[in-house]
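S.K.: Input: one structure, supplied below.
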Protein chains: 2
Amino acid sequence: MTLLLLVRWPHRDRTARITLTRPLPITLDRSSPIPLYFQVAQQIEALIDRGELPPGSRLDNEILLADQTGLSRPTMRQAIQHLVDKGLLVRKRGVGTQVVHGVVKRPVELSSLYDDLSRSNQRPGTKVLAVETGPCDDTIAAALRLAPGTEVVHLRRLRFAQGEPLAIMQNWLPTDLTELTAERLEERGLYELLRGVGVHMRVANQLIGARAATLAEGRLLNERRGAPLLTMTRTTYDDNGRAVEHGSHVYRPALYSFEIALVER
Amino acid sequence: MTLLLLVRWPHRDRTARITLTRPLPITLDRSSPIPLYFQVAQQIEALIDRGELPPGSRLDNEILLADQTGLSRPTMRQAIQHLVDKGLLVRKRGVGTQVVHGVVKRPVELSSLYDDLSRSNQRPGTKVLAVETGPCDDTIAAALRLAPGTEVVHLRRLRFAQGEPLAIMQNWLPTDLTELTAERLEERGLYELLRGVGVHMRVANQLIGARAATLAEGRLLNERRGAPLLTMTRTTYDDNGRAVEHGSHVYRPALYSFEIALVER
DNA sequence: TAGTGGTCTAGACCACATG
DNA sequence: ATGTGGTCTAGACCACTAA
């Protein structure tokens with residue numbers, strides 16, 4: 001019977017439905033400041049990570065899950081939607097919710113605006129090449145939504161990972177955010193410093209491309225002139241919608257790449 | 001007074017609060033199959049596009065907006081959250097909701113899994129270099145979650161934009177999805193063909209990098225050997241969580257780059 | 001202190017997929 | 001016909017921000 005179906009609708013999922021015999025072991029702490037939906041999402045994610053919810057396995061439906069945990073349906077729904085947005089679950093109306101296949105590697109958080117390299121292998125090193133304040137040119141002014149010629153801070157840093165040069169990072173920021181010194185920048189990432197002074201970064205637009213290394217870039221990165229480099233320019237906005245940072249970075253592609261999860265909503 | 005504040009908390013938004021004098025002109029069609037929250041989101045987005053809600057302007061609070069439109073607060077909230085997820089709005093508890101600064105360019109839809117190049121300038125052309133069926137190697141098998149040696153379809157295409165070669169695209173797909181022919185692939189994108197036979201793509205993981213062109217790639221792309229190329233490998237999953245496509249593409253960086261919006265949730 | 005968004009509840013009706 | 005997720009309502013309480 002099943003085989004016949006596969007022949008007639010060959011694009012159907014051919015893996016057997018894996019259904020848990022027991023309800024999900026979710027425990028809630030209603031006195032915690034962590035939202036209930038988030039507690040649920042974290043625990044389901046942990047189950048997926050530990051393989052207790054293998055790829056392709058089906059979750060119970062929303063209403064049943066809500067009953068089992070003692071939550072309302074909208075709250076349980078919010079938890080599940082959170083994991084759908086992260087690319088861990090897939091749902092289809094009339095069918096149900098499944099763990100997505102192919103979770104070898106946790107997709108990089110779309111939501112994280114952390115300094116790109118703080119998650120780089122082991123101790124990332126930083127050498128600050130320049131910290132200067134001066135009038136910005138028209139390009140930077142346009143990116144930061146400032147009047148041309150406004151004073152901005154200009155950073156130029158060289159990043160290392162495991163002793164190897166990894167990236168040249170240039171950034172421009174409004175002068176009034178915080179006092180940036182080479183010492184601080186060599187022990188903490190730029191984003192970490194900004195968060196530490198109360199800047200809440202919310203939205204960023206990134207443009208990722210490639211180009212050949214200049215001679216100067218090659219010297220800094222141990223590459224020859226003309227070697228391919230991965231480039232990223234980015235403007236970041238805070239929770240007031242104000243531009244707080246513009247960056248122009250180049251990476252050695254053998255040591256760094258961008259991993260992105262896309263989700264259809 | 002305002003100036004004093006700016007001196008004491010200099011990282012605050014220095015733009016004057018722009019508040020609309022009139023309620024948002026939202027009209028609803030309750031008989032439409034389009035969800036109400038989506039109708040609202042579309043109309044607010046249109047207002048932003050037309051400049052009637054300029055960058056930095058503040059929206060009324062959720063409850064007021066819900067009253068004005070005759071919707072419940074959760075529904076209005078869903079509409080606003082939709083635009084926050086798209087990077088158009090920014091909200092802060094205790095403060096309100098604003099249009100984000102810097103909307104020169106509509107960020108590319110994170111949600112869209114459309115064929116990368118169908119949005120490329122004007123008439124994109126395609127030359128199909130190969131359409132073959134055969135056993136896959138271990139790399140492809142792992143990417144598509146198939147047993148090694150399973151038969152798969154292998155595509156190799158050259159993309160043009162305005163007559164210029166733009167990208168070499170290789171893709172591998174399970175054989176049971178649809179019948180792919182060179183003719184079909186030259187008039188429609190791969191994703192469009194897949195959607196046309198009922199495949200609903202939901203999640204994709206992309207890895208973006210760079211490397212030097214090989215001699216063969218250079219010949220196809222009008223580049224010299226060693227020229228920098230932008231690379232993207234991707235695996236796409238459907239609404240059953242099944243891998244439906246794996247791609248490995250190289251792009252000429254002068255003609256193509258990736259634009260991405262990141263949103264902190 | 002007042003105003004905002006963040007979270008949560010307990011229902012309801014509907015569209016869609018499946019058998 | 002049944003079961004699923006998608007949408008919607010009308011409230012409620014809380015945490016955070018700003019004045």
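In the structure tokens, each chain is lettered A, B, ... as it comes, each chain's residues begin at 1, and ligands are numbered from 1 in order of appearance.
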Sorted by chain and rising residue number, which residues of chain C lie within 9 Å of chain B, and what are their closest atom pairs and distances in Å to one decimal, counting only C-alpha atoms (C1' of nucleotides), as JSON lines?

M.R.:
{"residue": "C:DG3", "atom": "C1'", "partner": "B:Gly94", "partner_atom": "CA", "distance": 6.7}
{"residue": "C:DT4", "atom": "C1'", "partner": "B:Gly94", "partner_atom": "CA", "distance": 3.7}
{"residue": "C:DG5", "atom": "C1'", "partner": "B:Arg93", "partner_atom": "CA", "distance": 4.3}
{"residue": "C:DG6", "atom": "C1'", "partner": "B:Arg93", "partner_atom": "CA", "distance": 7.7}

S.K.: Next, the residues of the selection above should be written as a JSON list (two decimals), in the first residue's frame with N, CA, C and O atoms (P, O5', C5', C4', C3', O3' and C1' of nucleotides).

M.R.:
[["chain", "number", "residue", "atom", "x", "y", "z"],
["C", 3, "DG", "P", -1.34, 58.49, 29.82],
["C", 3, "DG", "O5'", -0.34, 57.67, 28.89],
["C", 3, "DG", "C5'", 0.79, 58.33, 28.36],
["C", 3, "DG", "C4'", 1.69, 57.31, 27.69],
["C", 3, "DG", "C3'", 0.93, 56.32, 26.81],
["C", 3, "DG", "O3'", 1.56, 56.25, 25.54],
["C", 3, "DG", "C1'", 2.34, 55.17, 28.31],
["C", 4, "DT", "P", 0.88, 55.43, 24.34],
["C", 4, "DT", "O5'", 1.91, 54.23, 24.12],
["C", 4, "DT", "C5'", 3.26, 54.51, 23.76],
["C", 4, "DT", "C4'", 4.09, 53.29, 24.05],
["C", 4, "DT", "C3'", 3.58, 52.01, 23.41],
["C", 4, "DT", "O3'", 4.12, 51.88, 22.13],
["C", 4, "DT", "C1'", 4.37, 51.66, 25.65],
["C", 5, "DG", "P", 3.54, 50.71, 21.20],
["C", 5, "DG", "O5'", 4.36, 49.45, 21.67],
["C", 5, "DG", "C5'", 5.77, 49.40, 21.44],
["C", 5, "DG", "C4'", 6.40, 48.33, 22.31],
["C", 5, "DG", "C3'", 6.22, 46.90, 21.81],
["C", 5, "DG", "O3'", 7.42, 46.19, 22.09],
["C", 5, "DG", "C1'", 5.31, 47.08, 23.96],
["C", 6, "DG", "P", 7.52, 44.60, 21.78],
["C", 6, "DG", "O5'", 7.21, 43.95, 23.18],
["C", 6, "DG", "C5'", 8.26, 43.79, 24.12],
["C", 6, "DG", "C4'", 7.95, 42.64, 25.06],
["C", 6, "DG", "C3'", 7.61, 41.33, 24.35],
["C", 6, "DG", "O3'", 8.27, 40.25, 25.02],
["C", 6, "DG", "C1'", 5.84, 41.95, 25.77]]

S.K.: Do me a favour and pick out the residues of chain D within 9 Å of chain A, using only C-alpha atoms (C1' of nucleotides), as a list in words.

M.R.: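 On the chain D side, the interface is DG3, DT4, DG5 and DG6 of chain D.
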
S.K.: What residues in chain A lie within 8 Å of chain B, counting only C-alpha atoms, written as an MDAnalysis selection string?

M.R.: chainID A and resid 10:11 13 56 87 89:92 98:102 107 110:113 143 145 176:177 201:212 226:230 237 239:243 253:254 256:265

S.K.: Atoms to include: C-alpha atoms. Write the selected residues as a CSV table (one decimal), in the first residue's frame.

M.R.:
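As written to disk, out_18.csv reads:
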chain,number,residue,atom,x,y,z
A,10,PRO,CA,6.8,9.9,-5.9
A,11,HIS,CA,7.8,13.3,-4.4
A,13,ASP,CA,8.4,12.0,1.9
A,56,GLY,CA,11.7,13.9,10.2
A,87,GLY,CA,14.8,26.7,10.5
A,89,LEU,CA,11.0,22.9,12.3
A,90,VAL,CA,8.7,22.7,9.2
A,91,ARG,CA,5.0,22.9,9.4
A,92,LYS,CA,2.2,22.2,6.9
A,98,GLN,CA,8.2,18.0,11.7
A,99,VAL,CA,11.8,18.4,12.5
A,100,VAL,CA,13.6,19.4,9.4
A,101,HIS,CA,16.1,17.0,7.8
A,102,GLY,CA,19.7,17.9,7.7
A,107,PRO,CA,22.5,27.4,11.2
A,110,LEU,CA,20.0,35.2,11.8
A,111,SER,CA,19.1,37.2,14.8
A,112,SER,CA,22.5,37.6,16.2
A,113,LEU,CA,24.3,40.9,15.5
A,143,ALA,CA,25.5,55.3,5.0
A,145,ARG,CA,22.5,59.3,7.6
A,176,ASP,CA,28.7,60.5,20.5
A,177,LEU,CA,28.2,56.8,21.2
A,201,MET,CA,21.4,47.0,17.7
A,202,ARG,CA,18.3,45.8,16.0
A,203,VAL,CA,18.5,45.8,12.2
A,204,ALA,CA,21.5,45.5,9.8
A,205,ASN,CA,21.7,45.5,6.1
A,206,GLN,CA,24.6,43.6,4.7
A,207,LEU,CA,26.1,43.4,1.2
A,208,ILE,CA,28.4,40.4,0.6
A,209,GLY,CA,30.7,40.2,-2.4
A,210,ALA,CA,34.2,39.4,-3.6
A,211,ARG,CA,37.1,41.2,-5.1
A,212,ALA,CA,40.9,41.0,-5.6
A,226,GLY,CA,45.0,39.8,-6.7
A,227,ALA,CA,44.1,36.9,-4.4
A,228,PRO,CA,40.3,36.6,-4.0
A,229,LEU,CA,38.9,38.2,-0.9
A,230,LEU,CA,35.4,37.9,0.5
A,237,TYR,CA,20.6,50.5,13.2
A,239,ASP,CA,16.2,50.4,18.5
A,240,ASN,CA,15.6,54.1,17.7
A,241,GLY,CA,16.1,53.3,14.0
A,242,ARG,CA,19.3,55.4,14.0
A,243,ALA,CA,22.4,54.2,12.2
A,253,PRO,CA,38.0,33.1,2.0
A,254,ALA,CA,40.0,30.1,3.0
A,256,TYR,CA,36.0,32.6,6.7
A,257,SER,CA,32.6,32.3,5.0
A,258,PHE,CA,29.1,33.3,5.7
A,259,GLU,CA,26.5,30.8,6.7
A,260,ILE,CA,22.8,31.8,6.4
A,261,ALA,CA,19.5,30.2,7.0
A,262,LEU,CA,16.6,31.4,4.9
A,263,VAL,CA,13.0,30.6,6.0
A,264,GLU,CA,9.9,31.0,3.9
A,265,ARG,CA,7.1,32.5,6.0
